[in-house]
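Colleague: My file is input.cif. It has mmCIF, C-alpha atoms:
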data_work
#
loop_
_atom_site.label_atom_id
_atom_site.label_comp_id
_atom_site.auth_asym_id
_atom_site.auth_seq_id
_atom_site.Cartn_x
_atom_site.Cartn_y
_atom_site.Cartn_z
CA SER A 248 155.19 -6.99 50.12
CA ALA A 249 157.86 -9.62 50.70
CA THR A 250 160.07 -11.28 48.15
CA ILE A 251 160.81 -14.98 48.64
CA VAL A 252 164.48 -15.73 48.15
CA SER A 253 164.27 -19.48 48.74
CA THR A 254 161.94 -21.92 50.44
CA ASN A 255 162.96 -24.95 52.48
CA ALA A 256 160.28 -27.04 54.17
CA SER A 257 158.35 -24.63 56.40
CA THR A 258 161.21 -22.15 56.55
CA ILE A 259 160.73 -19.13 54.32
CA TYR A 260 163.76 -16.95 53.64
CA LEU A 261 162.94 -13.38 52.79
CA GLU A 262 164.60 -10.19 51.81
CA CYS A 263 164.45 -7.67 54.60
CA ASP A 264 161.39 -5.73 53.53
CA ARG A 265 158.19 -6.75 55.28
CA ILE A 266 155.90 -9.72 55.94
CA GLU A 267 152.43 -8.45 56.79
CA ASN A 268 153.05 -6.07 59.71
CA TRP A 269 155.54 -8.04 61.80
CA SER A 270 158.65 -5.96 61.23
CA ARG A 271 156.69 -2.73 61.48
CA CYS A 272 155.28 -3.90 64.81
CA LEU A 273 158.76 -4.67 66.10
CA ALA A 274 160.32 -1.48 64.83
CA HIS A 275 159.20 0.49 67.89
CA CYS A 276 161.54 -1.29 70.33
CA ASN A 277 159.29 -4.33 70.83
CA MET A 278 161.66 -7.24 71.42
CA LEU A 279 158.85 -9.78 71.49
CA ARG A 280 155.27 -9.67 70.29
CA VAL A 281 152.80 -12.53 70.75
CA ARG A 282 149.73 -11.97 68.64
CA CYS A 283 146.67 -14.23 68.53
CA THR A 284 144.43 -13.65 65.52
CA GLN A 285 142.28 -16.79 65.74
CA LYS A 286 139.00 -17.19 67.62
CA LEU A 287 138.29 -20.93 67.73
CA VAL A 288 140.98 -22.69 69.79
CA PRO A 289 140.99 -21.83 73.53
CA ILE A 290 144.40 -21.39 75.13
CA ARG A 291 145.89 -20.26 78.43
CA LYS A 292 147.49 -17.03 77.29
CA LYS A 293 149.88 -16.64 80.23
CA TYR A 294 151.06 -20.23 79.84
CA VAL A 295 151.82 -19.80 76.14
CA ILE A 296 153.70 -16.54 76.78
CA ASP A 297 155.66 -18.17 79.63
CA GLN A 298 156.79 -21.00 77.34
CA ILE A 299 157.86 -18.60 74.59
CA LEU A 300 159.86 -16.50 77.07
CA LYS A 301 161.62 -19.60 78.41
CA LEU A 302 162.42 -20.90 74.93
CA ARG A 303 163.85 -17.51 74.05
CA ARG A 304 166.15 -17.73 77.08
CA ILE A 305 167.22 -21.29 76.27
CA LEU A 306 168.03 -20.36 72.66
CA ARG A 307 169.77 -17.14 73.81
CA VAL A 308 167.82 -14.79 71.57
CA GLN A 309 166.46 -12.37 74.18
CA ASP A 310 168.17 -9.50 72.37
CA CYS A 311 166.46 -10.26 69.04
CA HIS A 312 163.16 -9.04 67.68
CA LEU A 313 160.66 -11.89 67.40
CA MET A 314 156.98 -12.13 66.57
CA VAL A 315 154.88 -15.21 67.31
CA GLN A 316 151.46 -15.32 65.68
CA LEU A 317 148.73 -17.77 66.70
CA ALA A 318 146.59 -18.00 63.60
CA SER A 319 143.57 -19.82 62.21
CA ASN A 320 143.84 -22.65 59.70
CA THR A 321 142.39 -20.31 57.08
CA THR A 322 145.15 -17.73 57.65
CA VAL A 323 147.92 -20.33 57.70
CA GLN A 324 146.61 -22.03 54.56
CA ARG A 325 146.52 -18.69 52.74
CA MET A 326 150.09 -17.84 53.82
CA ASN A 327 151.28 -21.36 52.99
CA LYS A 328 149.79 -21.10 49.49
CA ILE A 329 151.20 -17.63 48.81
CA ASP A 330 154.68 -18.21 50.24
CA ARG A 331 155.30 -21.91 49.57
CA GLY A 332 152.79 -22.86 46.89
CA VAL A 333 151.21 -25.43 49.22
CA ASP A 334 147.43 -25.03 49.43
CA ARG A 335 146.76 -26.53 52.85
CA PRO A 336 147.14 -25.56 56.50
CA THR A 337 150.21 -26.64 58.46
CA ASP A 338 151.56 -26.59 62.01
CA VAL A 339 154.14 -23.79 61.82
CA LEU A 340 155.63 -21.41 59.25
CA SER A 341 158.98 -19.77 60.01
CA TYR A 342 159.74 -16.44 58.34
CA VAL A 343 163.46 -15.81 58.63
CA ALA A 344 164.80 -12.25 58.78
CA GLN A 345 168.37 -13.35 58.01
CA GLU A 346 169.64 -16.51 56.37
CA LEU A 347 171.83 -18.04 59.08
CA LYS A 348 173.99 -21.10 59.46
CA PRO A 349 172.85 -23.52 62.20
CA GLY A 350 173.44 -21.91 65.57
CA GLN A 351 174.50 -18.57 64.14
CA ARG A 352 173.02 -15.46 65.76
CA PRO A 353 171.46 -12.60 63.76
CA GLU A 354 173.71 -9.70 62.87
CA PRO A 355 172.60 -6.15 63.76
CA ASN A 356 170.99 -4.19 60.93
CA GLU A 357 171.79 -0.58 60.04
CA GLU A 358 169.85 0.60 63.09
CA GLY A 359 171.75 -1.80 65.35
CA GLU A 360 168.70 -4.05 65.79
CA LYS A 361 168.75 -7.83 65.56
CA ASP A 362 165.74 -9.33 63.77
CA LEU A 363 165.19 -13.04 64.34
CA GLY A 364 161.95 -13.30 62.37
CA HIS A 365 158.33 -14.34 62.67
CA ILE A 366 156.70 -17.70 63.30
CA VAL A 367 153.05 -18.44 62.54
CA LEU A 368 151.29 -21.29 64.35
CA GLY A 369 148.27 -23.00 62.82
CA MET A 370 146.21 -23.46 65.95
CA GLY A 371 143.42 -25.55 64.41
CA TYR A 372 145.97 -27.85 62.82
CA LEU A 373 147.87 -28.12 66.12
CA LYS A 374 144.72 -28.94 68.08
CA ASN A 375 144.01 -31.88 65.77
CA ALA A 376 147.66 -32.98 65.67
CA SER A 377 147.97 -32.98 69.46
CA ALA A 378 144.84 -35.15 69.77
CA SER A 379 146.23 -37.55 67.14
CA ASN A 380 149.39 -37.88 69.25
CA ASP A 381 147.39 -38.44 72.47
CA MET A 382 148.71 -35.18 73.91
CA SER A 383 147.09 -32.06 75.23
CA LEU A 384 147.51 -28.94 73.13
CA GLU A 385 149.48 -27.33 75.98
CA ASP A 386 151.97 -30.21 76.05
CA TYR A 387 152.28 -30.22 72.27
CA LEU A 388 152.53 -26.49 71.61
CA PRO A 389 156.00 -25.78 73.14
CA THR A 390 157.59 -28.44 70.91
CA VAL A 391 156.17 -26.79 67.79
CA ILE A 392 157.17 -23.29 68.95
CA SER A 393 160.66 -24.63 69.61
CA HIS A 394 160.74 -26.15 66.13
CA GLY A 395 159.76 -22.85 64.53
CA MET A 396 162.29 -20.84 66.51
CA ILE A 397 165.09 -23.29 65.77
CA HIS A 398 164.32 -22.91 62.05
CA LEU A 399 164.89 -19.17 62.52
CA LEU A 400 168.40 -19.97 63.80
CA GLY A 401 169.39 -21.66 60.56
CA TYR A 402 168.47 -25.29 61.23
CA ASP A 403 166.57 -27.33 58.64
CA HIS A 404 165.62 -30.92 57.80
CA GLN A 405 165.99 -31.28 54.04
CA THR A 406 168.71 -33.95 54.29
CA ASP A 407 169.29 -36.75 56.79
CA ALA A 408 172.28 -34.89 58.22
CA GLN A 409 170.25 -31.68 58.62
CA TYR A 410 167.38 -33.62 60.17
CA ASN A 411 169.63 -35.32 62.72
CA GLN A 412 171.28 -32.01 63.60
CA MET A 413 167.95 -30.21 64.02
CA MET A 414 166.33 -33.02 66.02
CA ALA A 415 169.32 -33.11 68.38
CA LYS A 416 168.96 -29.35 68.90
CA GLU A 417 165.23 -29.75 69.57
CA ARG A 418 165.79 -32.56 72.07
CA ARG A 419 168.34 -30.48 74.00
CA THR A 420 166.01 -27.48 73.94
CA MET A 421 162.98 -29.40 75.16
CA LYS A 422 165.03 -31.14 77.87
CA ARG A 423 166.11 -27.72 79.14
CA LEU A 424 162.53 -26.43 78.93
CA LYS A 425 161.31 -29.36 81.02
CA GLU A 426 163.95 -28.56 83.64
CA LEU A 427 162.99 -24.87 83.63
CA ASN A 428 159.31 -25.72 84.04
CA VAL A 429 160.17 -27.70 87.15
CA ALA A 430 162.33 -24.91 88.59
CA GLU A 431 159.90 -22.18 87.48
CA PRO A 432 156.42 -23.70 87.21
CA PRO A 433 154.35 -22.11 84.43
CA PRO A 434 151.04 -20.43 85.29
CA HIS A 435 148.05 -22.76 85.09
CA GLU A 436 145.50 -20.87 87.16
CA GLU A 437 143.65 -19.19 84.29
CA GLU A 438 140.95 -20.92 82.27
CA PRO A 439 141.61 -21.40 78.54
CA THR A 440 139.86 -18.77 76.46
CA ALA A 441 139.51 -18.15 72.75
CA GLY A 442 139.82 -14.86 70.93
CA PRO A 443 142.35 -12.34 69.66
CA PHE A 444 144.93 -10.73 71.95
CA THR A 445 148.31 -9.02 71.68
CA TRP A 446 151.16 -9.12 74.20
CA THR A 447 154.36 -7.17 73.76
CA GLU A 448 157.66 -6.86 75.57
CA SER A 449 159.85 -3.80 75.13
CA ARG A 450 163.50 -3.43 76.03
CA HIS A 451 162.70 -0.10 77.66
CA GLN A 452 159.74 -1.09 79.83
CA SER A 453 158.09 -3.96 81.62
CA PRO A 454 156.03 -6.35 79.52
CA GLN A 455 152.61 -4.98 78.73
CA LYS A 456 149.44 -6.56 79.95
CA ILE A 457 147.57 -8.74 77.51
CA LYS A 458 145.39 -6.64 75.26
CA LYS A 459 142.25 -8.04 73.68
#
Spit out the file's structure as structure tokens when you get a sec.
Modeller:
Amino acid sequence: SATIVSTNASTIYLECDRIENWSRCLAHCNMLRVRCTQKLVPIRKKYVIDQILKLRRILRVQDCHLMVQLASNTTVQRMNKIDRGVDRPTDVLSYVAQELKPGQRPEPNEEGEKDLGHIVLGMGYLKNASASNDMSLEDYLPTVISHGMIHLLGYDHQTDAQYNQMMAKERRTMKRLKELNVAEPPPHEEEPTAGPFTWTESRHQSPQKIKK
């Protein structure tokens, strides 16, 4: 189980035991794990993974353990209620492995590993939110992933000053992502599909194929 130290917005600061299985999954040299546990919202898996990999490069956290979970509204609502006391689904929850100052990088643990944390995306919520903003889910999703990852790096939006600082960081990040997507076009050839899958990247081997 995990003990909540403090809660700010959608950022959840935890002692370094475990949240579900994320840290256990990463303990075997997996630098990045993308795990889809929802079955209702179709996505282009390779596109989503490409955007996460690029955001990781932009934020300079390639050497940190990170898990990204694409979850159902039911799962996100349950986690939101347990961890924040808010009984409704949301767009993204950020589970921080270390409480950092804005821009600070994680420190190695006793094993020499750097844990960034775990973000959980509410895919049903995001599908509705993207439609409300007259955007496709694919255009909307990278912004929310960026937001969740930037929370893991110590940024927040509880005060006006924090909000301005975090929004400036997000704007710079998304500007760089747009430039990268022009230089390195993301894959669009696959058809969106729904259903669980897991993708992992290890420091010792090439990224694994998507597993259903």
Colleague: Identify which of the residues A:Leu424, A:Leu368, A:Met414, A:Ile299 lies closest to Ser341 (chain A), counting all atoms listed in the file when measuring atom-to-atom distances.
Modeller: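 Among A:Leu424, A:Leu368, A:Met414, A:Ile299, it is A:Leu368 that comes nearest to Ser341 (chain A).
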Colleague: Taking 2 positions as the minimum chain separation for residues in the same chain, which residues sit within 8 Å of Asp334 (chain A) when counting only C-alpha atoms? Answer as number ranges by chain.
Modeller: A: 324-325, 327-328, 332, 336
Colleague: Go through A:Pro432, A:Val288, A:Leu427, A:His312 one by one, measure the shortest atom-to-atom distance of each to Glu360 (chain A) using all atoms listed in the file, and give the residue with the smallest value.
Modeller: A:His312
Colleague: Can you tell me, as a PyMOL selection string, what residues are no more than 12 Å from Leu300 (chain A) when counting only C-alpha atoms, ignoring any on the same chain fewer than 4 positions away?
Modeller: chain A and resi 278-281+293-296+304-310+313-315+389+392-393+396+424+427-428+431+433+446-448+454
Colleague: Take the residues from that selection and write them out as a PDB file, in the frame of the given file, keeping C-alpha atoms.
Modeller:
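Final output, out.pdb:
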ATOM      1  CA  MET A 278     161.660  -7.240  71.420  1.00  0.00           C
ATOM      2  CA  LEU A 279     158.850  -9.780  71.490  1.00  0.00           C
ATOM      3  CA  ARG A 280     155.270  -9.670  70.290  1.00  0.00           C
ATOM      4  CA  VAL A 281     152.800 -12.530  70.750  1.00  0.00           C
ATOM      5  CA  LYS A 293     149.880 -16.640  80.230  1.00  0.00           C
ATOM      6  CA  TYR A 294     151.060 -20.230  79.840  1.00  0.00           C
ATOM      7  CA  VAL A 295     151.820 -19.800  76.140  1.00  0.00           C
ATOM      8  CA  ILE A 296     153.700 -16.540  76.780  1.00  0.00           C
ATOM      9  CA  ARG A 304     166.150 -17.730  77.080  1.00  0.00           C
ATOM     10  CA  ILE A 305     167.220 -21.290  76.270  1.00  0.00           C
ATOM     11  CA  LEU A 306     168.030 -20.360  72.660  1.00  0.00           C
ATOM     12  CA  ARG A 307     169.770 -17.140  73.810  1.00  0.00           C
ATOM     13  CA  VAL A 308     167.820 -14.790  71.570  1.00  0.00           C
ATOM     14  CA  GLN A 309     166.460 -12.370  74.180  1.00  0.00           C
ATOM     15  CA  ASP A 310     168.170  -9.500  72.370  1.00  0.00           C
ATOM     16  CA  LEU A 313     160.660 -11.890  67.400  1.00  0.00           C
ATOM     17  CA  MET A 314     156.980 -12.130  66.570  1.00  0.00           C
ATOM     18  CA  VAL A 315     154.880 -15.210  67.310  1.00  0.00           C
ATOM     19  CA  PRO A 389     156.000 -25.780  73.140  1.00  0.00           C
ATOM     20  CA  ILE A 392     157.170 -23.290  68.950  1.00  0.00           C
ATOM     21  CA  SER A 393     160.660 -24.630  69.610  1.00  0.00           C
ATOM     22  CA  MET A 396     162.290 -20.840  66.510  1.00  0.00           C
ATOM     23  CA  LEU A 424     162.530 -26.430  78.930  1.00  0.00           C
ATOM     24  CA  LEU A 427     162.990 -24.870  83.630  1.00  0.00           C
ATOM     25  CA  ASN A 428     159.310 -25.720  84.040  1.00  0.00           C
ATOM     26  CA  GLU A 431     159.900 -22.180  87.480  1.00  0.00           C
ATOM     27  CA  PRO A 433     154.350 -22.110  84.430  1.00  0.00           C
ATOM     28  CA  TRP A 446     151.160  -9.120  74.200  1.00  0.00           C
ATOM     29  CA  THR A 447     154.360  -7.170  73.760  1.00  0.00           C
ATOM     30  CA  GLU A 448     157.660  -6.860  75.570  1.00  0.00           C
ATOM     31  CA  PRO A 454     156.030  -6.350  79.520  1.00  0.00           C
TER      32      PRO A 454
END
Colleague: Running the PyMOL selection byres ((chain A and resi 286) around 6) on this model by hand, what would come out? Give it as a PDB file with C-alpha atoms, keeping the file's coordinate frame.
Modeller:
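Done, and the output landed in result.pdb:
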ATOM      1  CA  GLN A 285     142.280 -16.790  65.740  1.00  0.00           C
ATOM      2  CA  LEU A 287     138.290 -20.930  67.730  1.00  0.00           C
ATOM      3  CA  ALA A 441     139.510 -18.150  72.750  1.00  0.00           C
ATOM      4  CA  GLY A 442     139.820 -14.860  70.930  1.00  0.00           C
TER       5      GLY A 442
END
Colleague: CA of Pro443 (chain A) and CA of Met326 (chain A) are how many Å apart?
Modeller: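 CA of Met326 (chain A) lies at a distance of 18.5 Å from CA of Pro443 (chain A).
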Colleague: Identify all residues satisfying the PyMOL selection byres ((chain A and resi 369) around 9) in the given file; provide them as a list of chain:residue names.
Modeller: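 Applied to this file, the PyMOL selection byres ((chain A and resi 369) around 9) selects A:Gln316, A:Leu317, A:Ala318, A:Ser319, A:Asn320, A:Thr321, A:Thr322, A:Val323, A:Gln324, A:Pro336, A:Thr337, A:Asp338, A:Val339, A:Leu340, A:Val367, A:Leu368, A:Met370, A:Gly371, A:Tyr372, A:Leu373, A:Lys374.
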Colleague: Quick one: which residues end up in the PyMOL selection byres ((chain A and resi 356) around 12) for this structure, as a list of chain:residue names?
Modeller: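 Selected by the PyMOL selection byres ((chain A and resi 356) around 12) here: A:Cys263, A:Ala274, A:Cys311, A:His312, A:Ala344, A:Gln345, A:Pro353, A:Glu354, A:Pro355, A:Glu357, A:Glu358, A:Gly359, A:Glu360, A:Lys361, A:Asp362, A:Leu363.
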Colleague: List as a list in words the protein and nucleic acid residues near Arg291 (chain A), meaning an atom at most 8 Å away when all atoms listed in the file are counted, but skip any in the same chain fewer than 3 places from it.
Modeller: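 The filter keeps Tyr294, Val295, His435, Glu437, Glu438, Pro439 and Thr440 of chain A.
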Colleague: Any chance you could work out the axis-aligned box around region 395-413 of chain A, listed atoms only, 6 Å on each side, giving centre and edge lengths in Å to one decimal, as lines of an AutoDock Vina configuration file?
Modeller:
center_x = 166.0
center_y = -28.0
center_z = 60.3
size_x = 24.5
size_y = 29.6
size_z = 24.5
Colleague: Give me, please, the distance in Å between CA of Arg282 (chain A) and CA of Thr445 (chain A), quoted to one decimal.
Modeller: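 That distance, rounded to one decimal, is 4.5 Å.
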Colleague: Please complete region 291-308 of chain A so it has N, CA, C and O atoms, and hand it over as a PDB file, keeping the file's coordinate frame.
Modeller:
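The resulting file, selection.pdb, is reproduced below:
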ATOM      1  N   ARG A 291     145.504 -21.037  77.261  1.00  0.00           N
ATOM      2  CA  ARG A 291     145.890 -20.260  78.430  1.00  0.00           C
ATOM      3  C   ARG A 291     146.962 -19.276  77.988  1.00  0.00           C
ATOM      4  O   ARG A 291     148.102 -19.654  77.743  1.00  0.00           O
ATOM      5  N   LYS A 292     146.587 -18.037  77.869  1.00  0.00           N
ATOM      6  CA  LYS A 292     147.490 -17.030  77.290  1.00  0.00           C
ATOM      7  C   LYS A 292     148.788 -16.917  78.083  1.00  0.00           C
ATOM      8  O   LYS A 292     149.879 -16.887  77.504  1.00  0.00           O
ATOM      9  N   LYS A 293     148.678 -16.830  79.410  1.00  0.00           N
ATOM     10  CA  LYS A 293     149.880 -16.640  80.230  1.00  0.00           C
ATOM     11  C   LYS A 293     150.811 -17.845  80.120  1.00  0.00           C
ATOM     12  O   LYS A 293     152.035 -17.690  80.156  1.00  0.00           O
ATOM     13  N   TYR A 294     150.246 -19.030  79.993  1.00  0.00           N
ATOM     14  CA  TYR A 294     151.060 -20.230  79.840  1.00  0.00           C
ATOM     15  C   TYR A 294     151.842 -20.193  78.534  1.00  0.00           C
ATOM     16  O   TYR A 294     153.051 -20.466  78.500  1.00  0.00           O
ATOM     17  N   VAL A 295     151.167 -19.851  77.452  1.00  0.00           N
ATOM     18  CA  VAL A 295     151.820 -19.800  76.140  1.00  0.00           C
ATOM     19  C   VAL A 295     152.950 -18.765  76.159  1.00  0.00           C
ATOM     20  O   VAL A 295     154.067 -19.025  75.689  1.00  0.00           O
ATOM     21  N   ILE A 296     152.684 -17.589  76.711  1.00  0.00           N
ATOM     22  CA  ILE A 296     153.700 -16.540  76.780  1.00  0.00           C
ATOM     23  C   ILE A 296     154.880 -17.000  77.630  1.00  0.00           C
ATOM     24  O   ILE A 296     156.047 -16.778  77.279  1.00  0.00           O
ATOM     25  N   ASP A 297     154.593 -17.655  78.755  1.00  0.00           N
ATOM     26  CA  ASP A 297     155.660 -18.170  79.630  1.00  0.00           C
ATOM     27  C   ASP A 297     156.566 -19.138  78.874  1.00  0.00           C
ATOM     28  O   ASP A 297     157.800 -19.070  78.998  1.00  0.00           O
ATOM     29  N   GLN A 298     155.987 -20.022  78.074  1.00  0.00           N
ATOM     30  CA  GLN A 298     156.790 -21.000  77.340  1.00  0.00           C
ATOM     31  C   GLN A 298     157.644 -20.330  76.263  1.00  0.00           C
ATOM     32  O   GLN A 298     158.806 -20.705  76.058  1.00  0.00           O
ATOM     33  N   ILE A 299     157.096 -19.325  75.599  1.00  0.00           N
ATOM     34  CA  ILE A 299     157.860 -18.600  74.590  1.00  0.00           C
ATOM     35  C   ILE A 299     159.030 -17.868  75.238  1.00  0.00           C
ATOM     36  O   ILE A 299     160.166 -17.881  74.722  1.00  0.00           O
ATOM     37  N   LEU A 300     158.799 -17.220  76.371  1.00  0.00           N
ATOM     38  CA  LEU A 300     159.860 -16.500  77.070  1.00  0.00           C
ATOM     39  C   LEU A 300     160.979 -17.453  77.501  1.00  0.00           C
ATOM     40  O   LEU A 300     162.172 -17.130  77.398  1.00  0.00           O
ATOM     41  N   LYS A 301     160.606 -18.628  77.982  1.00  0.00           N
ATOM     42  CA  LYS A 301     161.620 -19.600  78.410  1.00  0.00           C
ATOM     43  C   LYS A 301     162.407 -20.133  77.211  1.00  0.00           C
ATOM     44  O   LYS A 301     163.635 -20.281  77.287  1.00  0.00           O
ATOM     45  N   LEU A 302     161.714 -20.417  76.116  1.00  0.00           N
ATOM     46  CA  LEU A 302     162.420 -20.900  74.930  1.00  0.00           C
ATOM     47  C   LEU A 302     163.376 -19.838  74.394  1.00  0.00           C
ATOM     48  O   LEU A 302     164.487 -20.159  73.933  1.00  0.00           O
ATOM     49  N   ARG A 303     162.970 -18.600  74.487  1.00  0.00           N
ATOM     50  CA  ARG A 303     163.850 -17.510  74.050  1.00  0.00           C
ATOM     51  C   ARG A 303     165.120 -17.468  74.894  1.00  0.00           C
ATOM     52  O   ARG A 303     166.217 -17.246  74.376  1.00  0.00           O
ATOM     53  N   ARG A 304     164.980 -17.688  76.196  1.00  0.00           N
ATOM     54  CA  ARG A 304     166.150 -17.730  77.080  1.00  0.00           C
ATOM     55  C   ARG A 304     167.045 -18.906  76.741  1.00  0.00           C
ATOM     56  O   ARG A 304     168.274 -18.775  76.656  1.00  0.00           O
ATOM     57  N   ILE A 305     166.452 -20.083  76.554  1.00  0.00           N
ATOM     58  CA  ILE A 305     167.220 -21.290  76.270  1.00  0.00           C
ATOM     59  C   ILE A 305     168.013 -21.131  74.975  1.00  0.00           C
ATOM     60  O   ILE A 305     169.178 -21.545  74.889  1.00  0.00           O
ATOM     61  N   LEU A 306     167.388 -20.526  73.968  1.00  0.00           N
ATOM     62  CA  LEU A 306     168.030 -20.360  72.660  1.00  0.00           C
ATOM     63  C   LEU A 306     168.883 -19.099  72.593  1.00  0.00           C
ATOM     64  O   LEU A 306     169.482 -18.812  71.559  1.00  0.00           O
ATOM     65  N   ARG A 307     168.912 -18.328  73.689  1.00  0.00           N
ATOM     66  CA  ARG A 307     169.770 -17.140  73.810  1.00  0.00           C
ATOM     67  C   ARG A 307     169.483 -16.096  72.728  1.00  0.00           C
ATOM     68  O   ARG A 307     170.383 -15.582  72.078  1.00  0.00           O
ATOM     69  N   VAL A 308     168.205 -15.796  72.561  1.00  0.00           N
ATOM     70  CA  VAL A 308     167.820 -14.790  71.570  1.00  0.00           C
ATOM     71  C   VAL A 308     166.971 -13.680  72.215  1.00  0.00           C
ATOM     72  O   VAL A 308     166.134 -13.070  71.559  1.00  0.00           O
TER      73      VAL A 308
END
